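Novice: A single structure is presented below for examination.
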Amino acid sequence: MSRVLVGLAFVVLALWVFAIIDLILIEERRIRGLNKVLWLFVILLLPAIGAILWFTIGRGSASEEARRTIGPDDDPTFLRNLRRDEELDKRIRRLEQELADLDDDPPKD
């Protein structure tokens, strides 16, 4: 009986440590429900239940993140392309102005 309890305690301890390490290493945007600090308190205060809750509720999967749509304000590629388009528009306006200035010059004889 004592071996079973020691084994169960070891499994709970291992799960608890693994949950804490996983929480610390995971990216913030993959966390669901609470923020990292609150999840840490849940895991620390409720070792077995907190770890199970973390793996079932709090930890989002990578495929779930890929399916989640993000708005254009959060998409770095969109923002980079937007800045690039603005720079191209400025360059085009500057070149058009230079061409217009060249057309305004009277012909030299």
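Chain labels A, B, ... are given in the sequence in which chains occur in the structure tokens; within each chain residues are numbered consecutively from 1, and ligands are likewise numbered from 1 in the order shown.
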Would you kindly return, as a ChimeraX atom specification, each protein, DNA or RNA residue with an atom no farther than 8 Å from any atom of Ala48 of chain A, considering only C-alpha atoms and excluding same-chain residues fewer than 2 positions away?
Specialist: /A:12,15-16,43,46,50-52
Novice: Could you save the residues just selected, with C-alpha atoms, as a PDB file, in the first residue's frame?
Specialist:
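This is the output file out08.pdb:
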```
ATOM      1  CA  VAL A  12       1.708  13.970  -8.916  1.00  0.00           C
ATOM      2  CA  LEU A  15       3.093  16.263 -13.254  1.00  0.00           C
ATOM      3  CA  TRP A  16       3.257  19.338 -11.042  1.00  0.00           C
ATOM      4  CA  ILE A  43      -0.779  25.170 -10.338  1.00  0.00           C
ATOM      5  CA  LEU A  46      -3.651  22.981  -6.315  1.00  0.00           C
ATOM      6  CA  GLY A  50      -4.010  22.734 -11.097  1.00  0.00           C
ATOM      7  CA  ALA A  51      -1.680  20.792 -13.378  1.00  0.00           C
ATOM      8  CA  ILE A  52      -4.577  18.886 -14.913  1.00  0.00           C
TER       9      ILE A  52
END
```
Novice: Ranking A:Ile26, A:Asp104, A:Leu79, A:Val6 by minimum distance to Trp54 of chain A and counting only C-alpha atoms, which one comes first?
Specialist: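 Looking only at the distances to Trp54 of chain A, the closest residue turns out to be A:Ile26.
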Novice: Give me, as a PDB file with C-alpha atoms, in the first residue's frame, all polymer residues having an atom no more than 12 Å from Thr56 of chain A, counting only C-alpha atoms and skipping those fewer than 5 positions away in the same chain.
Specialist:
```
ATOM      1  CA  ALA A  19       3.195  21.809 -15.604  1.00  0.00           C
ATOM      2  CA  ILE A  31      -2.300  30.568 -23.025  1.00  0.00           C
ATOM      3  CA  ARG A  32      -6.073  30.410 -22.640  1.00  0.00           C
ATOM      4  CA  GLY A  33      -8.262  31.551 -19.782  1.00  0.00           C
ATOM      5  CA  ILE A  49      -5.838  19.585 -10.011  1.00  0.00           C
ATOM      6  CA  GLY A  50      -4.010  22.734 -11.097  1.00  0.00           C
ATOM      7  CA  ALA A  51      -1.680  20.792 -13.378  1.00  0.00           C
ATOM      8  CA  SER A  61      -2.205  23.878 -28.975  1.00  0.00           C
TER       9      SER A  61
END
```
Novice: Show me, as a VMD selection string, the residues that have an atom within 12 Å of Val37 of chain A when counting only C-alpha atoms, minus same-chain residues fewer than 6 positions from it.
Specialist: chain A and resid 20 23 to 24 28 31 43 to 44
Novice: Keeping only C-alpha atoms, take the residues you just selected and write them out as an mmCIF file, in the first residue's frame.
Specialist:
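This is the output file again-v9.cif:
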```
data_model
loop_
_atom_site.group_PDB
_atom_site.id
_atom_site.type_symbol
_atom_site.label_atom_id
_atom_site.label_comp_id
_atom_site.auth_asym_id
_atom_site.auth_seq_id
_atom_site.Cartn_x
_atom_site.Cartn_y
_atom_site.Cartn_z
ATOM 1 C CA ILE A 20 5.215 24.612 -13.995
ATOM 2 C CA LEU A 23 3.850 27.212 -18.191
ATOM 3 C CA ILE A 24 7.118 29.114 -17.901
ATOM 4 C CA GLU A 28 2.027 34.048 -23.929
ATOM 5 C CA ILE A 31 -2.300 30.568 -23.025
ATOM 6 C CA ILE A 43 -0.779 25.170 -10.338
ATOM 7 C CA LEU A 44 1.137 25.950 -7.136
#
```
Novice: Check the smallest atom-to-atom distance from each of A:Met1, A:Glu87, A:Phe10, A:Trp39 to Arg59 of chain A using only C-alpha atoms, then report the winner.
Specialist: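 For Arg59 of chain A, the nearest of the candidates is A:Trp39.
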Novice: Among chain A, which residues does DSSP mark as alpha helix (DSSP H) when it is run on the backbone? Keep the chain and numbering as in the structure and answer as a ChimeraX atom specification.
Specialist: /A:2-25,36-45,47-53,62-67,76-104
Novice: In terms of the shortest atom-to-atom distance over only C-alpha atoms, which of A:Leu53, A:Arg80, A:Gly7, A:Gly60 is closest to Arg29 of chain A?
Specialist: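 For Arg29 of chain A, the nearest of the given residues is A:Gly60.
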Novice: Between A:Ile57, A:Ile92, A:Leu99, A:Leu82, which residue has the minimum interatomic distance to Leu34 of chain A, considering only C-alpha atoms?
Specialist: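 Closest residue, counting only C-alpha atoms: A:Ile57.
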